[in-house]
Amino acid sequence: MGQQLPSSPVNDHLKELGSFGPLKRSRVMSRLLDYLVKQSLAGRGETVSQYLIGSELLGFGGGFDPETNPIVRVQVGRLRGALRDYYAGPGSGQPIRFTIPQGSYALRIEHNETKPPKPKPRIAALPCLALVEFRGIGLRDPWDLLPAVFAEELSVALGRMPDLRILGPLARARLEARNLDPECLTSQYPCDYVLDGSIQRNGANGVLRVRLLDALTGVQIWSGKYHFGGDIQCNLAGFESELMGRLAHEIGAEFGVLPQHHSSLARVGNAAKPTVYGAVLLGRRYLLDLTIESLRRALKALNEAVVLYPDEAMPHATLAMLLASVGYEPRWRGVIPRQEITRLATRARKLDPDCPWAINALAMAAILECRDDQIEQLARQMMGDLKMPAILGGSMGLWMVYRKVLREDGLEWIERACADNPHFPTVLRLGPCLKSVEEGDHVTALLELDGYGISHGWCDPLLRAAIFAMQGNARKARRYWKITLGKDPGISKYGLARAGLFWHEDYLARIRESLEAAGIIVVKSPRDCPFF
């Protein structure tokens with residue numbers, strides 16, 4: 001136990017903590033914190049157990065069985081997360097710190113020697129460029145995804161221009177479905193410039209057209225046309241540098257520095273072997289459609305690219321992310337290669353420390369290895385980066401919320417990513433949804449899920465089933481549980497951990513508890529499950 005402090009400042013600190021949002025809204029958590037503090041001050045902290053909390057504090061009496069009733073584990077886990085959030089945010093400068101070590105029910109009272117963090121500098125008002133996904137013409141599988149991936153990489157490159165803010169890439173199909181012309185984006189999104197174009201393939205040749213528009217008037221400021229011979233994807237990645245220079249000239253912005261991983265995408269090897277861009281594109285296709293055929297093609301190409309280009313970050317990072325993703329893919333029957341994922345992600349980060357895909361891959365590897373401390377370390381390294389690409393900030397924010405690591409910062413990153421890149425606000429809404437579920441705000445949680453639009457996912461119906469069960473609507477809970485089983489039949493056999501590899505155990509316990517209360521039995525962890 002940490003150094004024992006006088007009871008008066010401890011009680012004052014306990015009172016201050018009571019005004020913190022999660023504790024203020026939860027009477028159970030507030031009572032639990034008060035109970036644990038009193039036990040610690042009385043020298044009985046190490047004797048606190050699940051049974052004592054359940055029988056004495058929660059009123060279950062002598063018949064309480066912690067083996068069959070997880071309520072104490074769930075509530076202590078929630079309190080542990082609330083304390084972590086408080087000291088990472090509004091309580092960072094407090095002289096006293098309450099902690100509950102993982103796996104323990106004894107509260108520790110310690111000196112907090114952490115200096116208050118310096119306030120984050122505000123981003124000055126910058127001109128905003130909306131990047132619209134290029135139109136694909138004559139592109140066949142797998143190159144039909146080329147415009148989306150090209151726009152995504154272009155947004156990362158342009159996002160490093162210090163005098164420009166990037167909105168996008170905006171999905172062209174989504175804009176057209178809403179009858180929103182790229183030249184009239186200001187009616188929906190505040191921006192100053194619009195950049196769009198097309199990628200066309202005619203036999204062995206390719207043409208890339210690009211134009212820069214004034215968003216307020218729709219007047220074309222500049223347009224360019226570039227011809228490519230041979231395989232079109234061999235040349236596109238080297239185009240970003242020229243385009244950035246041209247935009248800097250037209251807009252009057254500073255050029256910035258092109259991220260290292262962009263030059264690697266243009267590497268061309270033997271014509272019979274995959275290029276870096278080609279292998280990465282196949283990996284991205286699998287991450288979008290999750291089909292077995294895409295998985296086979298991507299694994300073959302990426303494994304070859306890792307051997308052909310041992311000093312390039314992108315193949316290593318993409319292969320690590322793909323292998324981490326199949327870990328929770330319902331149809332995957334293999335053993336998750338955790339050590340290989342960690343090796344690939346570490347190698348990618350070493351080759352290019354600023355590559356967003358390498359950072360994301362390392363975060364996914366840390367989750368698989370249950371290294372929340374490494375996720376926190378990565379997050380703290382990124383906190384000073386005001387030009388963080390939206391796709392990196394949003395993804396990292398989601399991992400932080402899932403694992404309850406610097407969660408308030410994670411939620412802030414998610415909100416910023418959804419504002420800066422309306423192309424992918426879908427899966428990110430799961431983060432705020434889980435926070436609302438934890439706080440008991442089921443209406444807001446369902447509203448957050450309404451923004452989640454991944455048709456192949458199991459997360460949406462699973463959470464809806466749990467929320468309706470918490471509301472006492474067993475009929476709707478069973479309905480959405482059947483949809484969840486349709487997405488992943490293995491959940492009924494292997495348990496929720498099959499579907500929640502990246503989720504915090506507190507979330508899974510809460511979902512399991514609510515479903516069981518609605519009469520839906522969830523298997524926990526049978527021996528034959530390959531993920532335990």
# chains A, B, ... in the order shown; residues from 1 in each chain; ligands from 1
call {"tool": "residues_around", "arguments": {"residues": "Pro90 of chain A", "least_positions_apart": "3", "cutoff": "10 Å", "atoms": "only C-alpha atoms", "output": "ChimeraX atom specification"}}
result
/A:17,20,85-87,93-94,116
call {"tool": "closest_atom_pairs", "arguments": {"of": "segment 139-184 of chain A", "to": "segment 373-392 of chain A", "cutoff": "7 Å", "atoms": "only C-alpha atoms", "output": "CSV"}}
result
residue,atom,partner,partner_atom,distance
A:Val156,CA,A:Pro389,CA,5.6
A:Gly159,CA,A:Pro389,CA,6.2
A:Arg160,CA,A:Lys387,CA,6.2
call {"tool": "write_last_selection", "arguments": {"atoms": "N, CA and C atoms", "output": "PDB file, in the first residue's frame"}}
result
ATOM      1  N   VAL A 156      -3.556  11.713 -45.999  1.00  0.00           N
ATOM      2  CA  VAL A 156      -2.464  11.655 -45.009  1.00  0.00           C
ATOM      3  C   VAL A 156      -1.323  12.573 -45.439  1.00  0.00           C
ATOM      4  N   GLY A 159      -2.440  16.207 -45.244  1.00  0.00           N
ATOM      5  CA  GLY A 159      -2.645  16.570 -43.848  1.00  0.00           C
ATOM      6  C   GLY A 159      -1.392  17.041 -43.156  1.00  0.00           C
ATOM      7  N   ARG A 160      -0.234  16.780 -43.761  1.00  0.00           N
ATOM      8  CA  ARG A 160       1.036  17.234 -43.181  1.00  0.00           C
ATOM      9  C   ARG A 160       1.419  18.638 -43.634  1.00  0.00           C
TER      10      ARG A 160
END
call {"tool": "closest_residue", "arguments": {"among": "A:Asp163, A:Pro310, A:Gly394, A:Val149", "to": "Gly252 of chain A", "atoms": "only C-alpha atoms"}}
result
A:Asp163
call {"tool": "residues_around", "arguments": {"residues": "Gly393 of chain A", "least_positions_apart": "5", "cutoff": "9 Å", "atoms": "only C-alpha atoms", "output": "ChimeraX atom specification"}}
result
/A:356,382,388,398,410,413-414,416-417
call {"tool": "atom_distance", "arguments": {"atom1": "atom CA of Leu131 of chain A", "atom2": "atom CA of Leu430 of chain A"}}
result
25.1 Å
call {"tool": "closest_residue", "arguments": {"among": "A:Ser436, A:Asn360, A:Thr99, A:Ser92", "to": "Met400 of chain A", "atoms": "only C-alpha atoms"}}
result
A:Asn360
call {"tool": "atom_distance", "arguments": {"atom1": "atom CA of Leu323 of chain A", "atom2": "atom CA of Leu368 of chain A"}}
result
10.8 Å
call {"tool": "atom_distance", "arguments": {"atom1": "atom CA of Leu322 of chain A", "atom2": "atom CA of Tyr286 of chain A"}}
result
7.7 Å
call {"tool": "closest_residue", "arguments": {"among": "A:Tyr226, A:Tyr507, A:Tyr193, A:Trp143", "to": "Arg403 of chain A", "atoms": "only C-alpha atoms"}}
result
A:Tyr507
call {"tool": "select_by_dssp", "arguments": {"residues": "segment 9-48 of chain A", "states": "helix (DSSP H, G or I)", "output": "PDB file with C-alpha atoms, in the first residue's frame"}}
result
ATOM      1  CA  PRO A   9      -7.143  15.697   3.067  1.00  0.00           C
ATOM      2  CA  VAL A  10      -8.227  12.236   1.964  1.00  0.00           C
ATOM      3  CA  ASN A  11     -11.841  13.011   2.825  1.00  0.00           C
ATOM      4  CA  ASP A  12     -11.571  16.377   1.084  1.00  0.00           C
ATOM      5  CA  HIS A  13     -10.262  14.623  -2.004  1.00  0.00           C
ATOM      6  CA  LEU A  14     -13.050  12.053  -1.769  1.00  0.00           C
ATOM      7  CA  LYS A  15     -15.571  14.901  -1.765  1.00  0.00           C
ATOM      8  CA  GLU A  16     -13.968  16.457  -4.863  1.00  0.00           C
ATOM      9  CA  LEU A  17     -14.089  13.105  -6.636  1.00  0.00           C
ATOM     10  CA  GLY A  21     -19.282  12.990 -13.887  1.00  0.00           C
ATOM     11  CA  PRO A  22     -19.237   9.150 -13.815  1.00  0.00           C
ATOM     12  CA  LEU A  23     -19.188   9.050  -9.986  1.00  0.00           C
ATOM     13  CA  LYS A  24     -21.793  11.778  -9.667  1.00  0.00           C
ATOM     14  CA  ARG A  25     -24.144   9.854 -11.964  1.00  0.00           C
ATOM     15  CA  ARG A  27     -24.799   6.018  -6.750  1.00  0.00           C
ATOM     16  CA  VAL A  28     -23.360   2.490  -6.612  1.00  0.00           C
ATOM     17  CA  MET A  29     -19.883   3.588  -7.713  1.00  0.00           C
ATOM     18  CA  SER A  30     -19.939   6.530  -5.305  1.00  0.00           C
ATOM     19  CA  ARG A  31     -20.878   4.277  -2.376  1.00  0.00           C
ATOM     20  CA  LEU A  32     -18.254   1.721  -3.430  1.00  0.00           C
ATOM     21  CA  LEU A  33     -15.494   4.357  -3.506  1.00  0.00           C
ATOM     22  CA  ASP A  34     -16.520   5.688  -0.093  1.00  0.00           C
ATOM     23  CA  TYR A  35     -16.505   2.127   1.332  1.00  0.00           C
ATOM     24  CA  LEU A  36     -13.066   1.280  -0.088  1.00  0.00           C
ATOM     25  CA  VAL A  37     -11.544   4.552   1.149  1.00  0.00           C
ATOM     26  CA  LYS A  38     -12.853   3.967   4.672  1.00  0.00           C
ATOM     27  CA  GLN A  39     -11.534   0.401   4.673  1.00  0.00           C
ATOM     28  CA  SER A  40      -8.127   1.640   3.521  1.00  0.00           C
ATOM     29  CA  LEU A  41      -7.958   4.375   6.175  1.00  0.00           C
ATOM     30  CA  GLY A  45      -7.844  -2.487   2.726  1.00  0.00           C
ATOM     31  CA  GLU A  46      -6.028  -5.742   2.011  1.00  0.00           C
ATOM     32  CA  THR A  47      -8.846  -7.774   3.575  1.00  0.00           C
TER      33      THR A  47
END
call {"tool": "closest_residue", "arguments": {"among": "A:Gln50, A:Ser514, A:Gln75, A:Gln200", "to": "Arg478 of chain A", "atoms": "only C-alpha atoms"}}
result
A:Ser514
